[in-house]
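Q: Sending over run21.cif (mmCIF, C-alpha atoms).
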```cif
data_my_file
loop_
_atom_site.label_atom_id
_atom_site.label_comp_id
_atom_site.auth_asym_id
_atom_site.auth_seq_id
_atom_site.Cartn_x
_atom_site.Cartn_y
_atom_site.Cartn_z
CA MET Z 1 0.00 0.00 0.00
CA LEU Z 2 3.00 2.29 -0.17
CA ASN Z 3 3.83 3.70 -3.57
CA LEU Z 4 7.36 4.21 -2.24
CA VAL Z 5 7.60 0.47 -1.79
CA ASP Z 6 6.00 -0.31 -5.15
CA ARG Z 7 8.76 1.48 -7.04
CA LEU Z 8 11.42 -0.60 -5.27
CA SER Z 9 9.74 -3.94 -5.89
CA ASN Z 10 10.54 -6.65 -8.45
CA PRO Z 11 7.98 -9.19 -9.70
CA GLY Z 12 8.21 -12.68 -8.25
CA HIS Z 13 6.11 -15.76 -7.69
CA ALA Z 14 6.03 -17.91 -4.55
CA GLU Z 15 2.90 -19.90 -3.83
CA PHE Z 16 4.13 -22.09 -0.95
CA MET Z 17 3.20 -21.57 2.70
CA ASN Z 18 5.74 -20.92 5.42
CA GLY Z 19 5.52 -21.96 9.07
CA THR Z 20 3.41 -18.92 9.93
CA GLN Z 21 0.65 -19.75 7.48
CA ALA Z 22 0.69 -23.48 8.19
CA ARG Z 23 -0.74 -22.94 11.66
CA GLN Z 24 -4.36 -23.94 12.10
CA ALA Z 25 -6.62 -20.90 12.08
CA GLY Z 26 -8.51 -22.16 15.13
CA SER Z 27 -5.49 -22.45 17.40
CA ARG Z 28 -5.07 -20.01 20.29
CA ALA Z 29 -1.80 -18.23 20.95
CA ALA Z 30 -0.64 -15.06 22.64
CA ALA Z 31 0.84 -12.46 20.27
CA ALA Z 32 2.87 -9.30 20.78
CA ILE Z 33 3.63 -6.25 18.64
CA ARG Z 34 7.13 -4.77 18.65
CA ARG Z 35 9.59 -2.93 16.48
CA VAL Z 36 11.48 -4.79 13.79
CA ARG Z 37 15.00 -5.72 14.94
CA PRO Z 38 18.13 -6.22 12.79
CA GLU Z 39 18.09 -9.93 13.56
CA ASP Z 40 14.55 -10.19 12.11
CA LEU Z 41 15.64 -9.90 8.46
CA THR Z 42 15.67 -13.63 7.76
CA ALA Z 43 12.29 -14.16 9.44
CA LEU Z 44 10.91 -11.08 7.71
CA SER Z 45 12.02 -12.41 4.33
CA ALA Z 46 10.34 -15.76 5.06
CA PHE Z 47 7.16 -13.96 6.15
CA PHE Z 48 6.81 -12.00 2.91
CA THR Z 49 7.85 -14.92 0.72
CA GLY Z 50 5.27 -17.13 2.41
CA LEU Z 51 2.35 -14.79 1.79
CA SER Z 52 -0.06 -15.90 -0.91
CA ALA Z 53 0.29 -14.19 -4.29
CA GLU Z 54 -3.01 -12.41 -3.61
CA SER Z 55 -1.87 -11.02 -0.24
CA ARG Z 56 1.41 -9.81 -1.71
CA TYR Z 57 -0.45 -8.23 -4.63
CA LEU Z 58 -2.85 -6.38 -2.32
CA ARG Z 59 0.08 -5.16 -0.20
CA PHE Z 60 2.53 -4.12 -2.94
CA PHE Z 61 0.14 -3.71 -5.91
CA ALA Z 62 2.05 -6.62 -7.51
CA PRO Z 63 2.78 -10.26 -6.44
CA VAL Z 64 6.36 -9.32 -5.58
CA THR Z 65 9.02 -11.11 -3.58
CA PRO Z 66 10.96 -8.50 -1.56
CA THR Z 67 14.54 -7.93 -2.64
CA HIS Z 68 17.38 -7.15 -0.22
CA GLY Z 69 16.89 -3.42 -0.78
CA LEU Z 70 13.15 -3.65 -0.20
CA LEU Z 71 13.68 -5.68 2.98
CA HIS Z 72 15.97 -2.93 4.25
CA LEU Z 73 13.11 -0.47 3.80
CA LEU Z 74 10.52 -2.82 5.30
CA SER Z 75 12.74 -3.37 8.34
CA GLY Z 76 12.76 0.34 9.15
CA GLY Z 77 16.33 0.89 7.95
CA PRO Z 78 15.83 4.48 6.76
CA ALA Z 79 15.52 7.02 9.58
CA HIS Z 80 12.07 8.21 8.43
CA VAL Z 81 10.56 4.70 8.44
CA ASP Z 82 8.92 3.06 11.47
CA ALA Z 83 8.44 -0.71 11.08
CA ILE Z 84 6.71 -3.09 13.49
CA VAL Z 85 5.74 -6.76 13.53
CA ALA Z 86 3.17 -8.99 15.22
CA VAL Z 87 4.84 -12.11 16.61
CA VAL Z 88 3.39 -15.41 17.82
CA ASP Z 89 5.71 -17.95 19.43
CA GLY Z 90 8.69 -16.24 17.81
CA VAL Z 91 7.11 -16.31 14.33
CA ILE Z 92 6.15 -13.13 12.46
CA VAL Z 93 2.43 -13.14 11.60
CA GLY Z 94 2.02 -9.49 10.58
CA HIS Z 95 4.01 -6.47 9.46
CA ALA Z 96 3.28 -2.76 9.26
CA MET Z 97 5.33 0.32 8.44
CA ALA Z 98 4.98 4.07 8.29
CA ALA Z 99 7.15 6.33 6.14
CA ASP Z 100 7.06 9.91 7.45
CA GLY Z 101 6.88 12.84 5.06
CA PRO Z 102 7.82 16.49 5.68
CA GLU Z 103 5.42 18.94 7.27
CA ASP Z 104 3.39 20.85 4.68
CA PRO Z 105 2.78 24.66 4.75
CA CYS Z 106 -0.47 24.09 6.69
CA GLY Z 107 1.38 22.31 9.49
CA ILE Z 108 0.13 18.84 8.53
CA ARG Z 109 2.60 15.97 8.89
CA ALA Z 110 1.52 12.80 7.13
CA THR Z 111 2.99 9.32 7.19
CA ASP Z 112 2.37 6.68 4.48
CA VAL Z 113 1.21 3.42 6.03
CA GLY Z 114 1.28 -0.17 4.78
CA VAL Z 115 0.11 -3.30 6.62
CA VAL Z 116 -0.14 -6.99 5.79
CA VAL Z 117 -1.01 -10.10 7.80
CA ALA Z 118 -0.17 -13.76 7.15
CA ASP Z 119 -3.04 -15.46 5.33
CA ALA Z 120 -3.90 -17.84 8.18
CA TRP Z 121 -4.05 -14.93 10.65
CA GLN Z 122 -6.27 -12.58 8.68
CA ARG Z 123 -9.68 -11.55 10.07
CA ARG Z 124 -8.43 -12.01 13.63
CA GLY Z 125 -7.69 -8.41 14.64
CA VAL Z 126 -3.96 -8.44 13.91
CA GLY Z 127 -4.12 -5.81 11.15
CA ALA Z 128 -6.22 -3.42 13.21
CA GLU Z 129 -3.88 -3.74 16.20
CA LEU Z 130 -0.85 -3.10 13.99
CA MET Z 131 -2.58 0.02 12.63
CA ARG Z 132 -3.45 1.26 16.12
CA THR Z 133 0.14 0.77 17.24
CA LEU Z 134 1.47 2.64 14.19
CA ALA Z 135 -0.97 5.48 14.90
CA ILE Z 136 0.13 5.79 18.54
CA ARG Z 137 3.80 5.82 17.57
CA ALA Z 138 3.21 8.29 14.73
CA GLN Z 139 1.23 10.61 16.99
CA ALA Z 140 4.14 10.66 19.45
CA ARG Z 141 6.41 11.79 16.58
CA GLY Z 142 4.10 14.72 15.81
CA VAL Z 143 2.39 13.12 12.81
CA THR Z 144 -1.15 14.47 12.24
CA SER Z 145 -2.39 12.20 9.44
CA LEU Z 146 -2.06 8.58 8.33
CA ALA Z 147 -2.13 8.07 4.56
CA MET Z 148 -2.86 4.81 2.74
CA ASP Z 149 -3.40 3.70 -0.85
CA VAL Z 150 -5.68 0.65 -0.98
CA LEU Z 151 -6.70 -1.38 -4.02
CA PRO Z 152 -10.48 -1.59 -4.57
CA GLY Z 153 -10.29 -5.38 -4.20
CA ASN Z 154 -8.76 -5.15 -0.73
CA ARG Z 155 -12.12 -5.36 1.03
CA ARG Z 156 -10.69 -6.54 4.36
CA VAL Z 157 -8.51 -3.46 4.80
CA LEU Z 158 -11.29 -1.16 3.61
CA ALA Z 159 -13.71 -2.72 6.10
CA MET Z 160 -11.10 -2.43 8.88
CA ILE Z 161 -10.59 1.27 8.18
CA ILE Z 162 -14.30 2.02 8.03
CA GLY Z 163 -15.00 -0.03 11.16
CA HIS Z 164 -12.20 1.32 13.36
CA TRP Z 165 -11.65 4.84 11.98
CA PRO Z 166 -15.07 6.28 11.01
CA ASP Z 167 -13.56 9.77 10.60
CA ALA Z 168 -11.24 8.58 7.82
CA VAL Z 169 -11.47 10.51 4.55
CA ILE Z 170 -11.63 8.15 1.56
CA ASP Z 171 -11.23 9.38 -2.02
CA TYR Z 172 -11.40 7.12 -5.05
CA SER Z 173 -8.93 7.41 -7.90
CA PRO Z 174 -9.02 5.29 -11.09
CA ASP Z 175 -6.67 2.71 -9.55
CA SER Z 176 -7.07 2.84 -5.78
CA PHE Z 177 -8.68 4.36 -2.72
CA ASP Z 178 -6.77 7.28 -1.20
CA ILE Z 179 -7.33 7.14 2.56
CA ARG Z 180 -6.46 9.83 5.11
CA ILE Z 181 -6.91 9.22 8.84
CA PRO Z 182 -6.56 12.38 10.98
CA LEU Z 183 -4.68 12.08 14.26
CA PRO Z 184 -5.06 14.42 17.23
CA ARG Z 185 -1.92 16.35 18.04
CA HIS Z 186 0.26 14.67 20.62
CA GLN Z 187 0.25 16.32 24.05
CA PRO Z 188 3.54 15.65 25.85
CA GLN Z 189 3.14 14.79 29.54
CA GLY Z 190 6.60 15.79 30.66
CA PRO Z 191 9.81 13.74 30.78
CA GLN Z 192 9.28 10.02 31.02
CA PRO Z 193 11.83 7.58 32.48
CA ARG Z 194 13.68 5.63 29.82
CA PRO Z 195 12.73 1.95 30.04
CA ALA Z 196 15.56 -0.43 30.78
CA ARG Z 197 14.29 -2.85 28.12
CA GLU Z 198 12.29 -2.45 24.96
CA GLN Z 199 8.57 -2.33 25.66
CA VAL Z 200 6.56 -4.93 23.78
CA ARG Z 201 2.88 -4.17 23.35
CA PRO Z 202 0.74 -7.24 24.07
CA LEU Z 203 -1.91 -8.26 21.58
CA VAL Z 204 -5.19 -9.88 22.53
CA THR Z 205 -5.20 -13.67 22.56
CA LEU Z 206 -5.92 -14.80 19.04
CA GLY Z 207 -8.37 -17.53 18.27
CA ARG Z 208 -11.96 -18.26 17.61
#
```
Just dump the structure as structure tokens.
A:
Amino acid sequence: MLNLVDRLSNPGHAEFMNGTQARQAGSRAAAAIRRVRPEDLTALSAFFTGLSAESRYLRFFAPVTPTHGLLHLLSGGPAHVDAIVAVVDGVIVGHAMAADGPEDPCGIRATDVGVVVADAWQRRGVGAELMRTLAIRAQARGVTSLAMDVLPGNRRVLAMIIGHWPDAVIDYSPDSFDIRIPLPRHQPQGPQPRPAREQVRPLVTLGR
């Protein structure tokens, strides 16, 4: 859903399922959302390769297999990119990223957002929780608007946006939906103690 990503992508085809997608959809497991770490590159590559061609097409506007350069972007390598993952039992089941843009003359700071969830974990709240986490982190950086490009066939993401962010502004172009989600300006609450360890946001228990 990020045009920035689309331009860096190369076509590829991989129909097989990885360990993430082979899990039974009815199983219950605790999941957590955290930032992407340097040691996640191999797992991140397996996650994207293991997505179905349809899921990769809806995410990147093409059934691409991420290259090394694209993985660097997806892992939050550039300073303006925030990348997070949803993890279950050490396995990545979802990924989301936000690429911050400069502030415009009206004082609006937007960030381009993309999110994708492993096929077996879709429709279980993972995508919405990844989006909420991105929004909280973006708001803390002073971002005032989330921006997304969504293909008309991506009904799950469109339904998620409409269901969780009713104030979203959705415009239709010939090729995609242009979505803008306004964020309230962040109100600092004074200096906060620096955590000794990285904070991992828990996700609700997943299952039927």
Q: To one decimal in Å, tell me the separation between atom CA of Z:Gly114 and atom CA of Z:Val81.
A: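 The value is 11.1 Å.
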Q: Would you mind reading off the distance between atom CA of Z:Leu73 and atom CA of Z:Met97, one decimal, in Å?
A: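 Atom CA of Z:Leu73 sits 9.1 Å away from atom CA of Z:Met97.
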Q: Please provide as a PyMOL selection string all residues within 8 Å of Z:Asp167, with the sequence filter that same-chain residues fewer than 2 positions apart are discarded (counting all atoms listed in the file).
A: chain Z and resi 165+169+181-182
Q: Specify as a ChimeraX atom specification each residue included when the PyMOL selection byres ((chain Z and resi 138) around 12) is applied to this file.
A: /Z:80-84,97-101,109-113,131-137,139-147,181-186
Q: Measuring atom to atom with only C-alpha atoms, identify which of Z:Gly107, Z:Arg59, Z:Ser75, Z:Val88 is nearest to Z:Asp149.
A: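 Smallest distance to Z:Asp149 is found for Z:Arg59.
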Q: One decimal, Å: what's the distance from atom CA of Z:Ala53 over to atom CA of Z:Val91, could you say?
A: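 Computing it gives 19.9 Å between the two atoms.
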Q: Z:Ile162, Z:Ala118, Z:Leu58, Z:Leu151: which is nearest Z:Val87, counting only C-alpha atoms?
A: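 The closest residue to Z:Val87 is Z:Ala118.
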Q: Tell me, as a CSV table (one decimal) with C-alpha atoms, keeping the file's coordinate frame, which residues lie within 12 Å of Z:Phe177, counting all atoms listed in the file; anything in the same chain fewer than 5 positions away does not count.
A:
```
chain,number,residue,atom,x,y,z
Z,1,MET,CA,0.0,0.0,0.0
Z,147,ALA,CA,-2.1,8.1,4.6
Z,148,MET,CA,-2.9,4.8,2.7
Z,149,ASP,CA,-3.4,3.7,-0.8
Z,150,VAL,CA,-5.7,0.6,-1.0
Z,151,LEU,CA,-6.7,-1.4,-4.0
Z,152,PRO,CA,-10.5,-1.6,-4.6
Z,153,GLY,CA,-10.3,-5.4,-4.2
Z,154,ASN,CA,-8.8,-5.2,-0.7
Z,155,ARG,CA,-12.1,-5.4,1.0
Z,157,VAL,CA,-8.5,-3.5,4.8
Z,158,LEU,CA,-11.3,-1.2,3.6
Z,161,ILE,CA,-10.6,1.3,8.2
Z,168,ALA,CA,-11.2,8.6,7.8
Z,169,VAL,CA,-11.5,10.5,4.6
Z,170,ILE,CA,-11.6,8.2,1.6
Z,171,ASP,CA,-11.2,9.4,-2.0
Z,172,TYR,CA,-11.4,7.1,-5.0
```
